[in-house]
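Asks: One structure is given below, represented as structure tokens, and several questions about it will come after.
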Amino acid sequence: MSVAVKAGMAEYFASNPDVKYILFGGKGGLGKTTLSAATAYWLASREKRVCVFSTDPQASLSDIFERKVFGQGEVELAANLYAVEIDADRRIAEYQEEIRKKIKDMYKMETIPEEVEDYINSSAAEPAMAESATFDAMVELMTAGKFDYYVFDMMPHGHAIRFLGMADILDQWVEKIVSVRKKAGEYGEAATVMGSKGSLAQEDLVLKELEYIRGRLDFVSTMVRDRKHTAFFYVLIPELMPILDTRKALEMFREFNVTVSGVVVNQVYPKELKDQPDVPVFLKNKISSQQEYVKQIQSEFGSLIKGIVPMLDREPKGMKMISNVADILYGS
Amino acid sequence: MGKKEAPTEPKKQSEVAKAAKGFFYGMALHGMVTYALRLRMHMENLFMLITMGDMLGIPVLPPYYSLRLLPYAVPSLKTWKQTLLRDRDITDSLY
């Protein structure tokens, strides 16, 4: 490779020994899943307990590892190497049932009022629902703390960022609600005359729920911003759109105080190919265009580049190929 | 007459006290209490909007989490929706 990687992935982990959560972000189809799998494989080979988790609805850990992982919980793939792929639809269905039961129990109802039922059903149809459900599962996995490393194959473009904003808004709300509750207490006696007692107990429960939700959102927003324990890698390939996307993403992350630990350039055609005899013009052009973009990436992202992975001659599927990618990315 | 009145004196007195209490409450506190309750109602409406907003097409809280709060909102859903979706006009407050 002509492009020098000053300090690669292995060096990153060596100089950041406290890192526990590893996130791979980037546009769809650039190899986030492959690089996540390779990273998890490498860490597991160093005798650490690793869980690789896909938050992408089009997740493909099952395909990459050639094992059914989807909706199976924590699946052990090799020594120390586990994978999780959430069946968001099933999780949502179970969750909805839980909510229905709670409403029935709380109000001693036989059936759920129509408009409430409608709301429960329609909420499942929202795309954000699957994302939130996956995120919730992700937090659950991290808080359980069973692993040394958690590698997350993130969904395209930071939904996590929405969560960052969310946590802040919710923080303000919890504060507001607490102050309103206090104010209500000041007028306590008079309010009792007006017959507005009784809702206070429920309000405490609501507050508890809010605290729980805030805890969940806070966990994500703290984790993503925590430079000591979290590594955030952005994946791109030497093409215009991914470069633009990465530039935008880096700007957005900066706004939210999220530091990107590095970028990994994937699917780079070996430059040497070009000089071989009988190389079709098509391929030659492709390689030249890629080399131009590699230069651009080099000048724009410079020391952020933590790895360059060549285009492989076959799809990276199965343990053998993943181990190959790990060797390329981390050096054998 | 005067003899009969004597035993009921304490009762009457307490009634007077009650009336006075009501009177002073009305004068001093009623406005404040109504104001507090009104404030509370507005806060509650806002809270509902933040948590259940996606019901009306205003998504704020991720729906996964608003579902958690839904059970508590069940009793006030109808009135809240009516309050928010009601047509309002400045003349409403004049007449």
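In the structure tokens, each chain is lettered A, B, ... as it comes, each chain's residues begin at 1, and ligands are numbered from 1 in order of appearance.
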Please, which residues of chain B lie no more than 6 Å from chain A when the count uses only C-alpha atoms, and can they be set out as an MDAnalysis selection string?
Replies: chainID B and resid 63:64 71
Asks: Identify all residues of segment 62-179 of chain A in helix (DSSP H, G or I) (DSSP on the backbone) and supply them as a tab-separated table (two decimals) with C-alpha atoms, in the first residue's frame.
Replies:
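Saved the output as selection-v1.tsv:
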```
chain	number	residue	atom	x	y	z
A	62	SER	CA	-25.61	-14.74	10.46
A	63	ASP	CA	-24.41	-14.65	6.84
A	64	ILE	CA	-20.88	-13.66	7.72
A	65	PHE	CA	-20.41	-16.30	10.38
A	88	ALA	CA	-36.60	-6.53	16.73
A	89	ASP	CA	-40.09	-7.49	15.56
A	90	ARG	CA	-40.38	-10.23	18.11
A	91	ARG	CA	-39.01	-8.02	20.85
A	92	ILE	CA	-41.53	-5.32	19.99
A	93	ALA	CA	-44.43	-7.76	19.94
A	94	GLU	CA	-43.50	-9.04	23.39
A	95	TYR	CA	-43.09	-5.54	24.68
A	96	GLN	CA	-46.49	-4.47	23.34
A	97	GLU	CA	-48.09	-7.41	25.07
A	98	GLU	CA	-46.40	-6.36	28.31
A	99	ILE	CA	-47.85	-2.84	27.97
A	100	ARG	CA	-51.33	-4.20	27.24
A	101	LYS	CA	-51.18	-6.40	30.30
A	102	LYS	CA	-50.02	-3.50	32.45
A	103	ILE	CA	-52.92	-1.30	31.31
A	104	LYS	CA	-55.43	-4.08	31.93
A	105	ASP	CA	-54.02	-4.70	35.41
A	106	MET	CA	-53.79	-1.03	36.34
A	107	TYR	CA	-57.36	-0.17	35.43
A	114	GLU	CA	-59.84	1.33	21.08
A	115	GLU	CA	-57.77	4.49	20.76
A	116	VAL	CA	-55.13	3.14	23.12
A	117	GLU	CA	-55.02	-0.13	21.22
A	118	ASP	CA	-54.70	1.80	17.97
A	119	TYR	CA	-51.78	3.69	19.37
A	120	ILE	CA	-50.03	0.57	20.58
A	121	ASN	CA	-50.45	-1.03	17.17
A	122	SER	CA	-49.44	1.98	15.14
A	123	SER	CA	-46.31	2.57	17.20
A	124	ALA	CA	-44.98	-0.80	16.08
A	125	ALA	CA	-45.25	0.28	12.46
A	127	PRO	CA	-39.30	2.45	11.71
A	128	ALA	CA	-37.92	4.25	14.75
A	129	MET	CA	-39.56	1.61	16.91
A	130	ALA	CA	-37.30	-1.16	15.64
A	131	GLU	CA	-34.26	1.04	16.11
A	132	SER	CA	-35.22	1.97	19.65
A	133	ALA	CA	-35.95	-1.63	20.50
A	134	THR	CA	-32.54	-2.62	19.19
A	135	PHE	CA	-30.90	0.17	21.14
A	136	ASP	CA	-32.64	-0.89	24.27
A	137	ALA	CA	-31.37	-4.42	23.75
A	138	MET	CA	-27.90	-3.00	23.23
A	139	VAL	CA	-28.00	-1.13	26.54
A	140	GLU	CA	-29.33	-4.21	28.25
A	141	LEU	CA	-26.43	-6.25	26.93
A	142	MET	CA	-23.86	-3.67	28.05
A	143	THR	CA	-25.32	-3.18	31.51
A	144	ALA	CA	-25.33	-6.95	32.05
A	159	HIS	CA	-29.38	6.98	15.03
A	160	ALA	CA	-27.28	7.09	18.15
A	161	ILE	CA	-27.04	10.81	17.58
A	162	ARG	CA	-30.79	11.17	17.90
A	163	PHE	CA	-30.48	9.42	21.20
A	164	LEU	CA	-27.89	11.92	22.33
A	165	GLY	CA	-30.26	14.81	21.73
A	166	MET	CA	-33.08	12.81	23.29
A	167	ALA	CA	-31.24	12.24	26.56
A	168	ASP	CA	-30.70	15.97	26.96
A	169	ILE	CA	-34.34	16.83	26.25
A	170	LEU	CA	-35.54	14.19	28.64
A	171	ASP	CA	-33.20	15.45	31.32
A	172	GLN	CA	-34.86	18.84	31.11
A	173	TRP	CA	-38.28	17.28	31.26
A	174	VAL	CA	-37.62	15.22	34.29
A	175	GLU	CA	-36.40	18.36	36.02
A	176	LYS	CA	-39.49	20.31	34.96
A	177	ILE	CA	-41.83	17.62	36.14
A	178	VAL	CA	-40.10	17.43	39.50
A	179	SER	CA	-40.43	21.18	39.97
```
Asks: Atom CA of Val263 of chain A to atom CA of Leu329 of chain A: how many Å, to one decimal?
Replies: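 Between these atoms lies a distance of 11.9 Å.
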Asks: When distances are computed from only C-alpha atoms, which of A:Val5, A:Val235, A:Arg225, A:Asn16 shows the smallest separation from Glu255 of chain A?
Replies: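 Of all the options, A:Arg225 lies closest to Glu255 of chain A.
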Asks: Which value, in Å to one decimal, gives the distance between atom CA of Glu272 of chain A and atom CA of Pro310 of chain A?
Replies: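 We find that atom CA of Glu272 of chain A and atom CA of Pro310 of chain A lie 11.5 Å from each other.
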